[in-house]
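A.B. asks: Okay, handing you the structure first.
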Amino acid sequence: MVAVVLTSQGLTADVVVHRSENFRLELCLSIPSGKTVALLGPNGSGKSTALAAIAGLISLDSGRILFNGVTLDDPATGAFVPPERRKAGVVFQNYLLFPHLSVLDNVAFGLRSRRIARGEANTRAREWIERIGLTGMENRKPADLSGGQSQRVAIARALAITPDLLLLDEPLSALDISTRSELRHMLKEHLTNFDGPRLLITHDPTEAFLLADEIHVIEDGTVTQVGNADEIRLRPRTQYAADLAGFNLIMGTARSGIVDTGVQPLYIANNEIAGPVLATIHPTAISLYLEPPKGSPRNSWSTTVYRVERFENRIRLSTGPPLPVTVEVTEQAKTELGLKPGTQIWVALKATEIGIQPGRFS
Amino acid sequence: MVAVVLTSQGLTADVVVHRSENFRLELCLSIPSGKTVALLGPNGSGKSTALAAIAGLISLDSGRILFNGVTLDDPATGAFVPPERRKAGVVFQNYLLFPHLSVLDNVAFGLRSRRIARGEANTRAREWIERIGLTGMENRKPADLSGGQSQRVAIARALAITPDLLLLDEPLSALDISTRSELRHMLKEHLTNFDGPRLLITHDPTEAFLLADEIHVIEDGTVTQVGNADEIRLRPRTQYAADLAGFNLIMGTARSGIVDTGVQPLYIANNEIAGPVLATIHPTAISLYLEPPKGSPRNSWSTTVYRVERFENRIRLSTGPPLPVTVEVTEQAKTELGLKPGTQIWVALKATEIGIQPGRFS
Amino acid sequence: ESSSEYDSTGSFAPTPSGEDQVLVSAATSLTAVFAELSSEFESANPGIDVVLNFAGSTALREQILEGAPIDVFASADRSNMQRAVESGEVEGRPEIFARNVLQIAVSAGNPADVTGLDDFARSELLIGLCISTVPCGELAREALAKEGVTPSIDSVEPNVRALLTKVEAGELDAGITYLTDVLFASDAIEGIDLPSGQNVIAEYPIAVLTNARSPAAAAMFMKFVLSGEAQSILHEYGFISP
Amino acid sequence: MPFQQRSITTGRSPILLVVLGLTGLTFFVVPLLGLLWRVPWKRTPDLLTSQMVLDALRLSVIASLAATAISCVIGVPLAWLLARAEFPGKAIVRSIVTLPLVLPPVVGGTALLFALGRRGLVGGPLNQVTGLLMPFSLWGVILAATFVAMPFLVITVEGALHNLDEKHERAAASLGASRWMVIRRITVPMIAPSLIAGLALTWARAFGEFGATVTFAGNLQGRTQTLPLAVFVALESDRDAAVAISMIMVFVSLIVLIALRDRWWR
Amino acid sequence: MPFQQRSITTGRSPILLVVLGLTGLTFFVVPLLGLLWRVPWKRTPDLLTSQMVLDALRLSVIASLAATAISCVIGVPLAWLLARAEFPGKAIVRSIVTLPLVLPPVVGGTALLFALGRRGLVGGPLNQVTGLLMPFSLWGVILAATFVAMPFLVITVEGALHNLDEKHERAAASLGASRWMVIRRITVPMIAPSLIAGLALTWARAFGEFGATVTFAGNLQGRTQTLPLAVFVALESDRDAAVAISMIMVFVSLIVLIALRDRWWR
Ligand SMILES: Nc1ncnc2c1ncn2[C@@H]1O[C@H](COP(=O)(O)OP(=O)(O)OP(=O)(O)O)[C@@H](O)[C@H]1O
Ligand SMILES: Nc1ncnc2c1ncn2[C@@H]1O[C@H](COP(=O)(O)OP(=O)(O)OP(=O)(O)O)[C@@H](O)[C@H]1O
Ligand SMILES: [Mg+2]
Ligand SMILES: [Mg+2]
């Protein structure tokens, strides 16, 4: 178990939860007041489980959750604060709107639960409904809303209670592109004025990079990397983190300026480093040629185009063996080189474009 | 009502559905066999409603749905083919997995419904479970899956039946970044071998651009633009479509090389055009200066920075009045100019960078 | 305030206080006649209110044994009364106030052509009797035994009511019940008298109970039931004076 | 609603279902017709206004509604505990709750007498201390009706609670709702149709209760004689009246059940 | 399950609920104790092996299970039609289904006689054509039990169907499942707890049925005398025997109900 630094303000969670024979979550997390931590990780890595444990919806198997000095859950001592007394605002991944209550009553539910008078609660709920752009739908039942509308109601319901702790499980995943950026900004603003800790679960790196102070990458129940957006982006430590940032991530063993990848040696600009390293290469740093290139790039090999995709207004291709990489080129280059799956090409890559950090895949 | 060209192969849907006093869907759609149409649109624009009508889960108020020459729904004649005889594979936005059945039984359900023997159905279901990466979870109940795992089961369940018609409602929204691109490719491949029409609903332009042959932009129950990825991207006709593509979209009236926007005239490179126009400007085409620029750009005005965001490895800012625009700059430029909300700046924009098409917001 | 709504026992007493109430538990077969007797009694004694409690004699005895606040018990047989006496629930001695004789009940028109007890041996007929543990069943079997008839029984009914219902509906061709039951059953039932030599007599005892709330009024009611006036009413309903 | 969709799932019903369902219906309709056939319609209005019937009607309505209300107040919590709480001996408790369903009502009434009569296990001491006497009072009628009818509510509601996914209740708790608030505003409304079905069953059973009442509370006109007891009395003296009173029961129950169910369903 | 979480929502129960729930429980426990107090334990084994009790037990078990099975086959479809199909006169049909709940069982039995007896509305012609005779036979017992017990199933299942969101059924239809398959593989399993509660109620009501049976089917040992009839008969002569037979009923029903519910719940 990882030792946890106990700060008196904020959330400190040392979470150990078994969910099935094959899955055990073991997560150490500390969110100071006023800060946002994003959990990024593949499906089934335990993000929602961590949120449920912090919200008090499932109990720990071992570990401990502390919030502003109060123990919320500690199986060792049996201490357990039930969810209704944790004052957390939670947006659930599947919303969990109350099907028998109107939109207004859903948003007002948390307020009414906190013994705020009906009139006052409704007024505040209506403000939130306006803020999420659903004015006029106050009396609808959740079944009569579209997917994105439901998610907005879930967000309003969680924020309306002015919680001590915010727990957001993919809060923007069903929103259209305009609403998403609007709500992201609303959220960002709201977070600035909110001084509790907040946990954001997301699959969208942009969202994490924009909203979080610190990102925890979690894979198969354990944290594989912690850092701010730039650290994750520029020095990803796992294939998943590299995918997030769009980087190529290659593992190998460095010795005198060469990384042995097992398939294709990579020349790097750093002669000192030795031992296991992670090499990161941005897709735009790789050039493609139809003929063997004769020029400055020290790395080059022949391969075939495997896949061609357009990402917004950029073209991304994946190459085949010996060392599969993702390459980004312009539309023009694509046309000129006639790039399509199966095209024989040469890859060229400057040694200086290869980022090197010691370590191995975790 | 729009006239529908009746092709004998493929799907022709002229859908009119009232959902509430404020919402009426009126959509005309024709998907030839072997083609994919993507529906893109903001929340509550009627995408899921259209899908439900085509799947036969709700009935038309008027209009007509034809599939391979067979009338599926026609309120005028009373013809209605019930959903179980439409042979559609549907991925629902909220998955709708059967909570009491295991993952295996969920995936095999459609096969068993088509009277395929249990053994055969299970074998095929197992193949699909492997394909979506959930081997080992065959006996789990949906409640014991993570969000993304559930969505994958929903995809497998829909594809396993080898339907005549595929209807996918945001099939990849809950998937992590790696699985998403993997499943996108799996889907793309699957679609290539599948010769029925397919309808894809998504909020992700990348997904639409990658998978669809034609994109219908739908807003508030009506189609506002139809075209392929490039057409939507380069000539968006609504604010929403422009947001999708990341373009600035400005409406105004052109006369002798100037577009009157009501706030700030824009000089354009086209003197011929006159009347209402839509001007599109890519965010990278706009330059920022701390002093009034003296150079070639014919458009320039002073404004303040309103918002600064990082998108992957790019910096995007929004400016304030008179003419709010989104600008994309490098990290370096951001640091050099000290760009942050409130900074006073000058915007400069070459006339040649402004795309012009006749028309107005629809 | 609320105490005026309840008497001292806590039971619900809707009648104005000051009026004596007599609770009379009477066997089901006395339903009609006791209704008339009680109204006669009430009009003769305006200060007394008679409340009737009809159920099977056994159920009534059960209630009394469990301490029910009953004043008068009118049973349809001696044995239930005897149990009450043995349990010390009876004040004084029970008296027989009425007798009843058996009659054969057949559906209207007598489609099976039943003439007497001998027909009860005919196996092609659908024959019903009361169960032997209730008086009408016991007595019927006694009568049949006296005649040496072995009945071919198709149904053993738990009470007179169930037996009559089936005869009336035509499910049974014949059954043996009391004269009083047949007399006041619907038109769908006819009675066939038994010759007096074949008949057996049922006796109905009445008694005031030790638990009585209004012993005086209870005694008055019992006395009334034994009086000539009451006896003539009982006679109208087919009962025989003791 | 003008925008209500014709429901697709229910557009056409499978033939087999319709056939079986109609067979089921026949089961109820034929005996009812048999009864209606024999109702002495002419005499019914007179009977309706007789003191005995009016008294019985009043008592029946009061007692059955009281029994339903009591069942609701103490039966729903019991159902909740059975479905949601963990405690030892749960299987036994659940079985005990089902007993009054199986016990012949007359035996149930006897059991009540044994327990709550003046010489009963609890009733004896109670009577000596407080002077309270359950049998032969309206309280006795209500008690008997509650005893036989409450299991219907408990079992129906427990079944519905098992059907209900707890995730919405968890979500409500996370929003700060106390346990009690969750039950009141989430759990109960979400099982409303089953709750109402249970209440309907309970009320109907209480309204039709005969055996336990006649044994425990007696058959005193104006005091404990409910409609079924009046039917029993009438069966002995006046057959037609019995059928007519039954039709009154049927009529009243139709009104109550329609009020209870069709008003709150959908 | 080794990985079962302690359920949070149910961790502690609100005091008020516990108090009310326990009060509810008292309601059942006290009369039961009253009964147990008086059970002639010594004589019970003898009674248990008497031919009369054995016959009655056999008949009761057969008839109650048959009535439950029939109710299931025709009552569930009826419930489905009431909840999901649109047809005119639905409110009336629903009310008719509730009638046997309210009708005093003796009147119900009379209605059955009027309808299905030898001279009955339907029974008469039926008897003349086929020679079939319902009363005084096991069929009569089953019929009477079904008539009074089926409404419990219909109403419980209808309530549960109203609770069930149709969206899963729609999804199943879109996957090609026929209406019938949807009902069998989606609808019924999804309401299983309520269905089982309804079956438990139905079985218990059928098992305890007395009034309609005695009126319609008679009381012939070995042919139509079920346990409740045996109890009733015993009550007339030998109260101890009646209580002992009741305890046998209680015991059997505990076994059946535990088998029915605890096996299939959770
Ligand atoms: N109730 C449960 N019982 C058993 N296993 C479960 C249960 N709920 C979740 N799991 C498993 O625990 C793991 C973590 O699930 P969790 O929901 O925390 O994932 P997640 O990170 O939120 O994924 P996603 O991005 O797909 O939502 C998964 O492998 C999942 O299958
Ligand atoms: N059952 C219903 N009753 C009334 N209105 C409804 C119902 N279902 C949806 N609507 C409304 O119809 C409109 C279209 O809904 P639909 O679900 O088709 O939107 P959508 O395009 O799928 O949106 P999203 O991207 O949020 O899923 C919305 O305004 C919604 O509120
Ligand atoms: Mg999750
Ligand atoms: Mg949708």
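Going by the structure tokens order, chains are called A, B, ..., each with residues numbered from 1, while ligands are numbered from 1 in the order shown.
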Find the residues near segment 283-286 of chain A: any atom within 7 Å, counting only C-alpha atoms, skip ones fewer than 6 places away on the same chain, and give them as a ChimeraX atom specification.

C.D. replies: /A:247-248,326-329,347-349,353

A.B. asks: Give me, as an NGL selection string, the residues of chain E touching chain B, with the criterion being at most 7 Å (counting only C-alpha atoms).

C.D. replies: :E and (168 or 170-171 or 173-178 or 190)

A.B. asks: Could you write those residues out with all heavy atoms, as a CSV table (one decimal), in the first residue's frame?

C.D. replies:
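And here's part_6.csv as it stands now:
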```
chain,number,residue,atom,x,y,z
E,168,HIS,N,-36.8,-1.9,-22.7
E,168,HIS,CA,-36.0,-3.1,-22.9
E,168,HIS,C,-36.8,-4.0,-23.9
E,168,HIS,O,-36.2,-4.8,-24.7
E,168,HIS,CB,-35.7,-3.8,-21.6
E,168,HIS,CG,-34.6,-3.1,-20.9
E,168,HIS,ND1,-34.9,-2.3,-19.8
E,168,HIS,CD2,-33.3,-3.1,-21.0
E,168,HIS,CE1,-33.8,-1.8,-19.3
E,168,HIS,NE2,-32.8,-2.3,-20.1
E,170,ARG,N,-38.8,-3.0,-26.2
E,170,ARG,CA,-38.6,-2.5,-27.6
E,170,ARG,C,-37.2,-2.9,-28.1
E,170,ARG,O,-37.1,-3.3,-29.3
E,170,ARG,CB,-38.6,-1.0,-27.5
E,170,ARG,CG,-40.0,-0.4,-27.1
E,170,ARG,CD,-40.4,0.7,-28.0
E,170,ARG,NE,-41.5,1.4,-27.4
E,170,ARG,CZ,-41.5,2.3,-26.5
E,170,ARG,NH1,-40.4,2.8,-26.1
E,170,ARG,NH2,-42.6,2.8,-26.0
E,171,ALA,N,-36.2,-2.8,-27.3
E,171,ALA,CA,-34.9,-3.2,-27.8
E,171,ALA,C,-34.9,-4.6,-28.2
E,171,ALA,O,-34.3,-5.0,-29.3
E,171,ALA,CB,-33.8,-3.0,-26.7
E,173,ALA,N,-37.4,-6.3,-29.3
E,173,ALA,CA,-38.1,-6.4,-30.6
E,173,ALA,C,-37.2,-6.0,-31.8
E,173,ALA,O,-37.2,-6.7,-32.8
E,173,ALA,CB,-39.4,-5.6,-30.6
E,174,SER,N,-36.4,-5.0,-31.5
E,174,SER,CA,-35.6,-4.5,-32.6
E,174,SER,C,-34.5,-5.5,-33.0
E,174,SER,O,-34.0,-5.5,-34.1
E,174,SER,CB,-34.9,-3.2,-32.3
E,174,SER,OG,-33.8,-3.4,-31.5
E,175,LEU,N,-34.2,-6.4,-32.0
E,175,LEU,CA,-33.2,-7.5,-32.3
E,175,LEU,C,-33.9,-8.7,-33.0
E,175,LEU,O,-33.3,-9.7,-33.1
E,175,LEU,CB,-32.6,-7.9,-31.0
E,175,LEU,CG,-31.5,-6.9,-30.5
E,175,LEU,CD1,-31.2,-7.2,-29.0
E,175,LEU,CD2,-30.2,-7.0,-31.3
E,176,GLY,N,-35.2,-8.5,-33.3
E,176,GLY,CA,-35.8,-9.6,-34.1
E,176,GLY,C,-36.6,-10.5,-33.2
E,176,GLY,O,-37.1,-11.5,-33.7
E,177,ALA,N,-36.8,-10.3,-31.9
E,177,ALA,CA,-37.5,-11.2,-31.1
E,177,ALA,C,-39.0,-11.0,-31.3
E,177,ALA,O,-39.5,-9.9,-31.3
E,177,ALA,CB,-37.2,-10.9,-29.6
E,178,SER,N,-39.7,-12.1,-31.5
E,178,SER,CA,-41.1,-12.0,-31.7
E,178,SER,C,-41.8,-11.6,-30.4
E,178,SER,O,-41.2,-11.6,-29.4
E,178,SER,CB,-41.7,-13.4,-32.1
E,178,SER,OG,-41.5,-14.3,-31.0
E,190,MET,N,-37.9,-10.0,-16.2
E,190,MET,CA,-37.7,-8.7,-15.5
E,190,MET,C,-38.7,-8.5,-14.4
E,190,MET,O,-38.4,-7.6,-13.6
E,190,MET,CB,-37.7,-7.6,-16.6
E,190,MET,CG,-36.4,-7.6,-17.4
E,190,MET,SD,-36.2,-6.2,-18.5
E,190,MET,CE,-35.7,-5.0,-17.4
```

A.B. asks: Using only C-alpha atoms and all ligand atoms, determine which residues fall within 8 Å of ligand 3, then list them as a list in words.

C.D. replies: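 If we count only C-alpha atoms and all ligand atoms, the neighbours of ligand 3 turn out to be Asn43, Gly44, Gly46, Lys47, Ser48, Thr49, Gln93, Asp169, Glu170 and Ile201 of chain A; Ser146, Gly147 and Gly148 of chain B.
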
A.B. asks: Within 10 Å of ligand 1, which residues show up when you count only C-alpha atoms and all ligand atoms? List them as a CSV table (one decimal) with N, CA, C and O atoms, in the first residue's frame, please.

C.D. replies:
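The new file part.csv reads:
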```csv
chain,number,residue,atom,x,y,z
A,17,VAL,N,-10.4,-1.6,-3.5
A,17,VAL,CA,-11.7,-2.2,-3.7
A,17,VAL,C,-11.5,-3.4,-4.7
A,17,VAL,O,-10.9,-3.3,-5.7
A,18,HIS,N,-12.0,-4.5,-4.3
A,18,HIS,CA,-12.1,-5.7,-5.2
A,18,HIS,C,-13.5,-5.6,-5.8
A,18,HIS,O,-14.5,-5.5,-5.2
A,19,ARG,N,-13.5,-5.8,-7.1
A,19,ARG,CA,-14.8,-5.9,-7.8
A,19,ARG,C,-15.1,-7.2,-8.3
A,19,ARG,O,-16.2,-7.6,-8.5
A,20,SER,N,-14.1,-7.9,-8.7
A,20,SER,CA,-14.3,-9.3,-9.2
A,20,SER,C,-13.0,-10.0,-9.1
A,20,SER,O,-12.0,-9.4,-8.7
A,21,GLU,N,-13.0,-11.3,-9.3
A,21,GLU,CA,-11.7,-12.0,-9.2
A,21,GLU,C,-10.6,-11.4,-10.0
A,21,GLU,O,-9.4,-11.4,-9.6
A,22,ASN,N,-11.0,-10.8,-11.2
A,22,ASN,CA,-9.9,-10.3,-12.0
A,22,ASN,C,-9.6,-8.8,-11.8
A,22,ASN,O,-8.8,-8.2,-12.5
A,23,PHE,N,-10.4,-8.1,-11.0
A,23,PHE,CA,-10.2,-6.7,-10.9
A,23,PHE,C,-10.1,-6.2,-9.5
A,23,PHE,O,-11.0,-6.5,-8.6
A,24,ARG,N,-9.0,-5.5,-9.2
A,24,ARG,CA,-8.8,-5.0,-7.9
A,24,ARG,C,-8.3,-3.5,-8.1
A,24,ARG,O,-7.3,-3.3,-8.8
A,25,LEU,N,-9.0,-2.6,-7.5
A,25,LEU,CA,-8.6,-1.2,-7.7
A,25,LEU,C,-7.7,-0.8,-6.5
A,25,LEU,O,-8.1,-1.1,-5.3
A,39,LEU,N,-9.1,11.9,-13.7
A,39,LEU,CA,-8.7,10.5,-13.9
A,39,LEU,C,-8.9,10.1,-15.3
A,39,LEU,O,-10.0,10.3,-15.9
A,40,LEU,N,-7.8,9.7,-16.0
A,40,LEU,CA,-7.9,9.3,-17.4
A,40,LEU,C,-7.5,7.9,-17.4
A,40,LEU,O,-6.6,7.4,-16.7
A,41,GLY,N,-8.3,7.1,-18.1
A,41,GLY,CA,-7.9,5.7,-18.2
A,41,GLY,C,-8.8,4.9,-19.1
A,41,GLY,O,-9.9,5.4,-19.4
A,42,PRO,N,-8.3,3.8,-19.6
A,42,PRO,CA,-9.1,3.0,-20.5
A,42,PRO,C,-10.4,2.4,-19.9
A,42,PRO,O,-10.5,2.5,-18.6
A,43,ASN,N,-11.3,1.9,-20.6
A,43,ASN,CA,-12.5,1.3,-20.1
A,43,ASN,C,-12.2,0.2,-19.1
A,43,ASN,O,-11.3,-0.6,-19.3
A,44,GLY,N,-12.9,0.2,-18.1
A,44,GLY,CA,-12.8,-0.8,-17.1
A,44,GLY,C,-11.5,-0.7,-16.2
A,44,GLY,O,-11.1,-1.6,-15.6
A,45,SER,N,-10.9,0.5,-16.2
A,45,SER,CA,-9.7,0.6,-15.5
A,45,SER,C,-10.0,1.0,-14.0
A,45,SER,O,-9.1,0.9,-13.2
A,46,GLY,N,-11.2,1.3,-13.7
A,46,GLY,CA,-11.6,1.5,-12.3
A,46,GLY,C,-11.9,2.9,-11.9
A,46,GLY,O,-12.1,3.2,-10.7
A,47,LYS,N,-12.1,3.8,-12.9
A,47,LYS,CA,-12.4,5.2,-12.6
A,47,LYS,C,-13.7,5.3,-11.9
A,47,LYS,O,-13.8,6.0,-10.8
A,48,SER,N,-14.8,4.7,-12.4
A,48,SER,CA,-16.1,4.9,-11.8
A,48,SER,C,-16.1,4.2,-10.4
A,48,SER,O,-16.8,4.7,-9.5
A,49,THR,N,-15.3,3.1,-10.3
A,49,THR,CA,-15.3,2.5,-9.0
A,49,THR,C,-14.7,3.4,-8.0
A,49,THR,O,-15.1,3.5,-6.8
A,50,ALA,N,-13.6,4.1,-8.4
A,50,ALA,CA,-13.0,5.0,-7.4
A,50,ALA,C,-14.0,6.1,-7.0
A,50,ALA,O,-14.1,6.5,-5.8
A,51,LEU,N,-14.7,6.6,-8.0
A,51,LEU,CA,-15.7,7.7,-7.7
A,51,LEU,C,-16.7,7.2,-6.7
A,51,LEU,O,-17.1,7.8,-5.8
A,52,ALA,N,-17.2,5.9,-7.0
A,52,ALA,CA,-18.2,5.4,-6.1
A,52,ALA,C,-17.7,5.2,-4.7
A,52,ALA,O,-18.5,5.5,-3.7
A,53,ALA,N,-16.5,4.9,-4.5
A,53,ALA,CA,-15.9,4.7,-3.2
A,53,ALA,C,-15.8,6.1,-2.5
A,53,ALA,O,-16.1,6.2,-1.3
A,58,ILE,N,-20.0,2.7,-2.5
A,58,ILE,CA,-19.5,1.3,-2.2
A,58,ILE,C,-18.5,1.6,-1.1
A,58,ILE,O,-18.0,2.7,-0.9
A,93,GLN,N,-22.1,8.4,-14.5
A,93,GLN,CA,-21.8,8.1,-15.9
A,93,GLN,C,-23.1,7.8,-16.6
A,93,GLN,O,-23.3,8.2,-17.8
A,94,ASN,N,-24.0,7.1,-16.0
A,94,ASN,CA,-25.3,6.8,-16.6
A,94,ASN,C,-26.4,7.7,-16.0
A,94,ASN,O,-27.6,7.4,-16.0
A,169,ASP,N,-18.3,12.1,-13.4
A,169,ASP,CA,-18.0,10.9,-14.2
A,169,ASP,C,-18.4,11.1,-15.7
A,169,ASP,O,-19.5,11.0,-16.0
A,170,GLU,N,-17.4,11.5,-16.5
A,170,GLU,CA,-17.7,11.8,-17.9
A,170,GLU,C,-18.9,12.7,-18.1
A,170,GLU,O,-19.8,12.4,-18.7
A,201,ILE,N,-13.7,12.5,-14.2
A,201,ILE,CA,-13.3,11.4,-15.0
A,201,ILE,C,-13.7,11.7,-16.4
A,201,ILE,O,-14.7,12.2,-16.7
A,202,THR,N,-12.7,11.3,-17.3
A,202,THR,CA,-13.0,11.6,-18.7
A,202,THR,C,-12.2,10.7,-19.6
A,202,THR,O,-11.2,10.1,-19.2
A,203,HIS,N,-12.7,10.6,-20.8
A,203,HIS,CA,-11.9,10.0,-21.9
A,203,HIS,C,-11.3,11.0,-22.8
A,203,HIS,O,-10.6,10.6,-23.7
A,218,ILE,N,-4.9,6.0,-15.0
A,218,ILE,CA,-5.2,4.8,-14.3
A,218,ILE,C,-5.4,3.7,-15.3
A,218,ILE,O,-6.2,3.9,-16.3
A,219,GLU,N,-4.8,2.6,-15.1
A,219,GLU,CA,-4.9,1.5,-16.0
A,219,GLU,C,-5.0,0.2,-15.2
A,219,GLU,O,-4.2,0.0,-14.3
A,220,ASP,N,-6.0,-0.6,-15.5
A,220,ASP,CA,-6.2,-1.9,-14.8
A,220,ASP,C,-6.1,-1.8,-13.3
A,220,ASP,O,-5.5,-2.6,-12.6
A,221,GLY,N,-6.7,-0.7,-12.8
A,221,GLY,CA,-6.8,-0.6,-11.3
A,221,GLY,C,-5.7,0.1,-10.6
A,221,GLY,O,-5.7,0.3,-9.4
B,134,LEU,N,-13.8,-8.4,-24.7
B,134,LEU,CA,-14.4,-8.7,-23.4
B,134,LEU,C,-14.3,-10.2,-23.0
B,134,LEU,O,-15.1,-10.6,-22.2
B,137,MET,N,-15.5,-12.1,-19.7
B,137,MET,CA,-16.6,-11.5,-19.0
B,137,MET,C,-18.0,-12.0,-19.5
B,137,MET,O,-19.0,-11.4,-19.3
B,140,ARG,N,-20.8,-12.2,-16.9
B,140,ARG,CA,-21.1,-11.1,-16.1
B,140,ARG,C,-22.5,-10.6,-16.5
B,140,ARG,O,-23.0,-10.6,-17.6
B,141,LYS,N,-23.2,-10.0,-15.5
B,141,LYS,CA,-24.4,-9.2,-15.8
B,141,LYS,C,-24.1,-7.8,-16.2
B,141,LYS,O,-23.1,-7.3,-15.7
B,142,PRO,N,-24.9,-7.1,-17.0
B,142,PRO,CA,-24.6,-5.8,-17.4
B,142,PRO,C,-24.3,-4.8,-16.2
B,142,PRO,O,-23.4,-3.9,-16.3
B,143,ALA,N,-24.9,-5.0,-15.1
B,143,ALA,CA,-24.7,-4.1,-14.0
B,143,ALA,C,-23.3,-4.2,-13.4
B,143,ALA,O,-22.8,-3.3,-12.8
B,144,ASP,N,-22.6,-5.3,-13.8
B,144,ASP,CA,-21.2,-5.5,-13.3
B,144,ASP,C,-20.2,-5.1,-14.3
B,144,ASP,O,-19.0,-5.5,-14.3
B,145,LEU,N,-20.6,-4.3,-15.3
B,145,LEU,CA,-19.7,-3.9,-16.3
B,145,LEU,C,-19.4,-2.4,-16.2
B,145,LEU,O,-20.3,-1.6,-15.6
B,146,SER,N,-18.3,-1.9,-16.7
B,146,SER,CA,-18.1,-0.5,-16.7
B,146,SER,C,-18.8,0.1,-17.9
B,146,SER,O,-19.4,-0.6,-18.7
B,147,GLY,N,-18.9,1.5,-17.9
B,147,GLY,CA,-19.7,2.2,-18.9
B,147,GLY,C,-19.2,1.8,-20.3
B,147,GLY,O,-20.0,1.4,-21.2
B,148,GLY,N,-17.9,1.8,-20.5
B,148,GLY,CA,-17.4,1.5,-21.9
B,148,GLY,C,-17.6,0.1,-22.2
B,148,GLY,O,-17.8,-0.3,-23.4
B,149,GLN,N,-17.4,-0.8,-21.2
B,149,GLN,CA,-17.7,-2.2,-21.5
B,149,GLN,C,-19.1,-2.5,-21.9
B,149,GLN,O,-19.4,-3.2,-22.9
B,150,SER,N,-20.0,-1.8,-21.3
B,150,SER,CA,-21.4,-1.9,-21.7
B,150,SER,C,-21.7,-1.5,-23.1
B,150,SER,O,-22.4,-2.2,-23.9
B,151,GLN,N,-21.1,-0.4,-23.5
B,151,GLN,CA,-21.3,0.1,-24.8
B,151,GLN,C,-20.7,-0.9,-25.8
B,151,GLN,O,-21.3,-1.1,-26.9
B,152,ARG,N,-19.6,-1.5,-25.5
B,152,ARG,CA,-19.1,-2.5,-26.4
B,152,ARG,C,-20.0,-3.7,-26.6
B,152,ARG,O,-20.2,-4.2,-27.7
B,174,ALA,N,-18.7,6.2,-25.3
B,174,ALA,CA,-18.1,6.0,-23.9
B,174,ALA,C,-16.8,5.2,-23.9
B,174,ALA,O,-16.3,4.8,-22.9
B,175,LEU,N,-16.2,5.1,-25.1
B,175,LEU,CA,-15.0,4.3,-25.2
B,175,LEU,C,-13.8,5.1,-25.0
B,175,LEU,O,-13.7,6.3,-25.3
B,176,ASP,N,-12.8,4.4,-24.4
B,176,ASP,CA,-11.5,5.1,-24.2
B,176,ASP,C,-10.8,5.4,-25.6
B,176,ASP,O,-11.2,4.8,-26.6
B,177,ILE,N,-9.9,6.2,-25.6
B,177,ILE,CA,-9.3,6.7,-26.9
B,177,ILE,C,-8.7,5.6,-27.7
B,177,ILE,O,-8.9,5.6,-28.9
E,3,PHE,N,-16.9,-11.4,-3.5
E,3,PHE,CA,-16.7,-10.0,-3.8
E,3,PHE,C,-17.9,-9.1,-3.6
E,3,PHE,O,-18.0,-8.0,-4.0
E,4,GLN,N,-18.9,-9.7,-2.9
E,4,GLN,CA,-20.1,-8.9,-2.7
E,4,GLN,C,-19.7,-7.7,-1.8
E,4,GLN,O,-19.1,-7.9,-0.7
E,5,GLN,N,-20.2,-6.6,-2.2
E,5,GLN,CA,-20.0,-5.4,-1.3
E,5,GLN,C,-21.1,-5.4,-0.2
E,5,GLN,O,-22.2,-5.8,-0.4
```

A.B. asks: Do you know which residues are at most 9 Å from segment 254-260 of chain A counting only C-alpha atoms, after dropping those on the same chain fewer than 5 positions away, and could you put them as a ChimeraX atom specification?

C.D. replies: /A:265-277,279,358
